[in-house]
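Asker: Next up is a structure, given as structure tokens.
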Amino acid sequence: MIPKTLDPRGWRCVVYPVLSSTFLRFWEQYALCLRAGTKLWTTSPRRTCSSAVLSYFTCLAEEAAVSVSTSGASSSGAAGSQLPPRKMIGVLLLFLLFLLYIAAPQIRKMLSSGVCTSTAQLPGKVAVVTGANTGIGKETAKELAQRGARVYIACRDVQKGELVAKEIQTMTGNQEVLVRKLDLADTKSIRAFAKGFLAEEKQLHILINNAGVMMCPYSKTADGFEMHIGVNHLVFLIGHFLLTHLLLEKLKESAPSRIVNVSSLAHYLGRIHFHNLQGQKSYSAGLAYCHSKLANILFTRELARRLKGSGVTAYSVHPGTVNSELVRHSSFLQCIWRLFSFIIKTPQQGAQTSLYCALTEGLENLSGNHFSDCHVTWVSAQASNETIARRLWDVSCDLLGIPMD
């Protein structure tokens with residue numbers, strides 16, 4: 001228990017001194033371990049860290065023993081055998097961090113259990129991946145190119161996309177990795193991309209709608225639509241909804257073909273408010289992202305229903321918590337991502353479920369389902385509501401001025 005005499009100005013009065021003293025003592029022991037055997041760190045950093053923690057606890061035990069011997073065997077001796085409250089808090093904090101560090105490989109493995117094991121090769125196949133100049137999209141494009149596909153990197157930053165394309169070409173030996181400009185926040189750019197692609201290619205077998213934004217401040221697309229709804233799933237007037245619509249006939253002509261829409265577990269917090277679809281009445285950056293990811297899943301379900309029997313199948317995926325540029329608009333999330341980087345998925349791990357849905361044979365009967373870690377997973381009640389899905393589709397078509405059927 002913290003003594004009542006402690007300055008009551010707040011938790012910082014306890015936590016800051018505890019952390020500073022605890023970690024100073026820990027690093028002292030850590031340095032001793034390094035000096036005792038430098039090779040230990042280079043071969044097993046976890047073992048060196050463990051040795052340091054054990055040394056630190058040994059020092060505490062010795063201090064407690066000294067305290068007992070000096071206080072005598074009287075009742076005051078019982079009190080003297082206890083460590084000071086601040087030091088006890090420090091011990092607990094360090095022990096918890098130590099356990100987290102030791103368990104990190106198992107936690108990462110648990111959170112990254114899904115791996116695409118398909119051996120399918122893609123010579124002669126054509127794929128489009130949006131937002132493939134970074135993160136999950138880049139890793140997805142790289143794997144598709146590795147398997148022999150002709151891959152289009154569709155992104156807003158063409159210069160960055162060209163650098164990524166050259167990197168993929170060098171790594172895979174596949175020179176058919178092309179970059180085309182696509183700004184999902186601008187319907188003119190989307191239409192221009194689709195027009196150029198349709199003139200250039202006779203087939204399209206895989207469309208992966210990967211690009212998106214997260215936690216951005218309230219802003220509008222070039223066409224006047226709220227940024228999350230506009231880009232993150234074109235259920236609202238631009239982005240992937242319009243792009244998919246423009247490329248759909250080519251996908252049907254190239255059947256069997258697949259559409260993969262990247263969503264998120266965050267959809268559980270999302271709601272579709274038809275009276276406030278674009279956040280004009282109230283807006284929360286975090287909830288806007290959740291709403292848009294819910295829209296992604298609803299879009300996928302309705303799309304799959306409409307495409308039944310066409311040879312084109314659609315899937316939505318949760319890639320997991322991935323260390324990518326998605327959180328660039330939130331300093332808080334960037335700090336959290338850095339703090340827990342040892343358990344957060346890498347972009348390569350995050351791309352596995354997208355690749356699974358794009359490549360694995362026998363998934364046709366699961367069209368419209370939501371996947372996580374390469375398995376079908378549950379969705380929220382709203383995400384499985386067919387009435388909301390159909391209404392959202394109709395509203396999106398109306399906003400974009402495209403036929404509903």
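Lettering and numbering for the structure tokens are positional, with chains as A, B, ... in the shown order, residues counted from 1 in each chain, and ligands counted from 1 in the shown order.
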Fewer than 5 positions away in the same chain doesn't count, so skip those; otherwise give me all residues within 8 Å of range 152-161 of chain A, counting only C-alpha atoms, as a PyMOL selection string.
Answerer: chain A and resi 126-133+141+177-184
Asker: Residues near Ser264 in chain A, anyone? I mean within 10 Å using only C-alpha atoms, not counting same-chain ones fewer than 6 positions away, as a ChimeraX atom specification.
Answerer: /A:289-290,292-294,296-297,316-321,370-372
Asker: If we count only C-alpha atoms and set the cut-off at 10 Å, which residues sit around range 301-310 of chain A, ignoring sequence neighbours fewer than 5 positions away in its own chain? Please answer as number ranges by chain.
Answerer: A: 241, 244-245, 248, 251-253, 255-257, 259, 295-296, 315-316, 364-370, 383-393, 405
Asker: Between CA of Thr119 in chain A and CA of Thr360 in chain A, measure the distance and give it in Å to one decimal.
Answerer: 8.3 Å
Asker: Using only C-alpha atoms, which protein or nucleic acid residues come within 9 Å of Arg258 in chain A? Drop anything in the same chain fewer than 5 positions from it, and give the result as a PyMOL selection string.
Answerer: chain A and resi 205-208+251+311-315+357-359
Asker: Emit the selected residues as a compact mmCIF listing (two decimals), in the first residue's frame, including N, CA, C and O atoms.
Answerer:
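So selection_26.txt came out as:
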```
# COMPACT_ATOMS: atom_id res chain seq x y z
N HIS A 205 -7.88 -10.75 -63.29
CA HIS A 205 -8.22 -11.93 -62.50
C HIS A 205 -8.30 -11.67 -61.00
O HIS A 205 -9.02 -12.36 -60.29
N ILE A 206 -7.53 -10.70 -60.53
CA ILE A 206 -7.50 -10.42 -59.09
C ILE A 206 -7.54 -8.91 -58.86
O ILE A 206 -6.70 -8.17 -59.39
N LEU A 207 -8.50 -8.47 -58.07
CA LEU A 207 -8.59 -7.07 -57.66
C LEU A 207 -8.54 -7.03 -56.14
O LEU A 207 -9.42 -7.58 -55.47
N ILE A 208 -7.50 -6.42 -55.61
CA ILE A 208 -7.37 -6.31 -54.15
C ILE A 208 -7.50 -4.85 -53.75
O ILE A 208 -6.61 -4.02 -54.01
N LEU A 251 -13.68 -8.25 -64.93
CA LEU A 251 -13.54 -9.37 -64.01
C LEU A 251 -14.45 -10.53 -64.43
O LEU A 251 -14.05 -11.71 -64.38
N GLY A 311 -19.01 -16.34 -61.68
CA GLY A 311 -17.61 -16.76 -61.71
C GLY A 311 -16.69 -15.80 -61.00
O GLY A 311 -15.49 -16.05 -60.88
N VAL A 312 -17.26 -14.70 -60.50
CA VAL A 312 -16.48 -13.71 -59.73
C VAL A 312 -16.88 -13.84 -58.27
O VAL A 312 -18.08 -13.81 -57.94
N THR A 313 -15.91 -13.98 -57.40
CA THR A 313 -16.19 -14.11 -55.97
C THR A 313 -15.54 -12.95 -55.21
O THR A 313 -14.56 -12.36 -55.67
N ALA A 314 -16.11 -12.64 -54.04
CA ALA A 314 -15.62 -11.49 -53.26
C ALA A 314 -15.46 -11.88 -51.79
O ALA A 314 -16.28 -12.64 -51.24
N TYR A 315 -14.42 -11.35 -51.16
CA TYR A 315 -14.13 -11.66 -49.77
C TYR A 315 -13.66 -10.40 -49.05
O TYR A 315 -12.99 -9.55 -49.65
N CYS A 357 -7.17 -15.37 -49.60
CA CYS A 357 -8.45 -15.22 -50.29
C CYS A 357 -8.28 -15.04 -51.79
O CYS A 357 -9.18 -15.36 -52.57
N ALA A 358 -7.14 -14.52 -52.21
CA ALA A 358 -6.90 -14.30 -53.63
C ALA A 358 -6.41 -15.56 -54.34
O ALA A 358 -6.65 -15.72 -55.55
N LEU A 359 -5.76 -16.47 -53.61
CA LEU A 359 -5.07 -17.58 -54.26
C LEU A 359 -5.60 -18.97 -53.94
O LEU A 359 -5.48 -19.87 -54.77
```
Asker: Enter the distance from CA of Leu198 in chain A to CA of Lys250 in chain A, in Å, rounded to one decimal.
Answerer: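 Separation between CA of Leu198 in chain A and CA of Lys250 in chain A: 7.7 Å.
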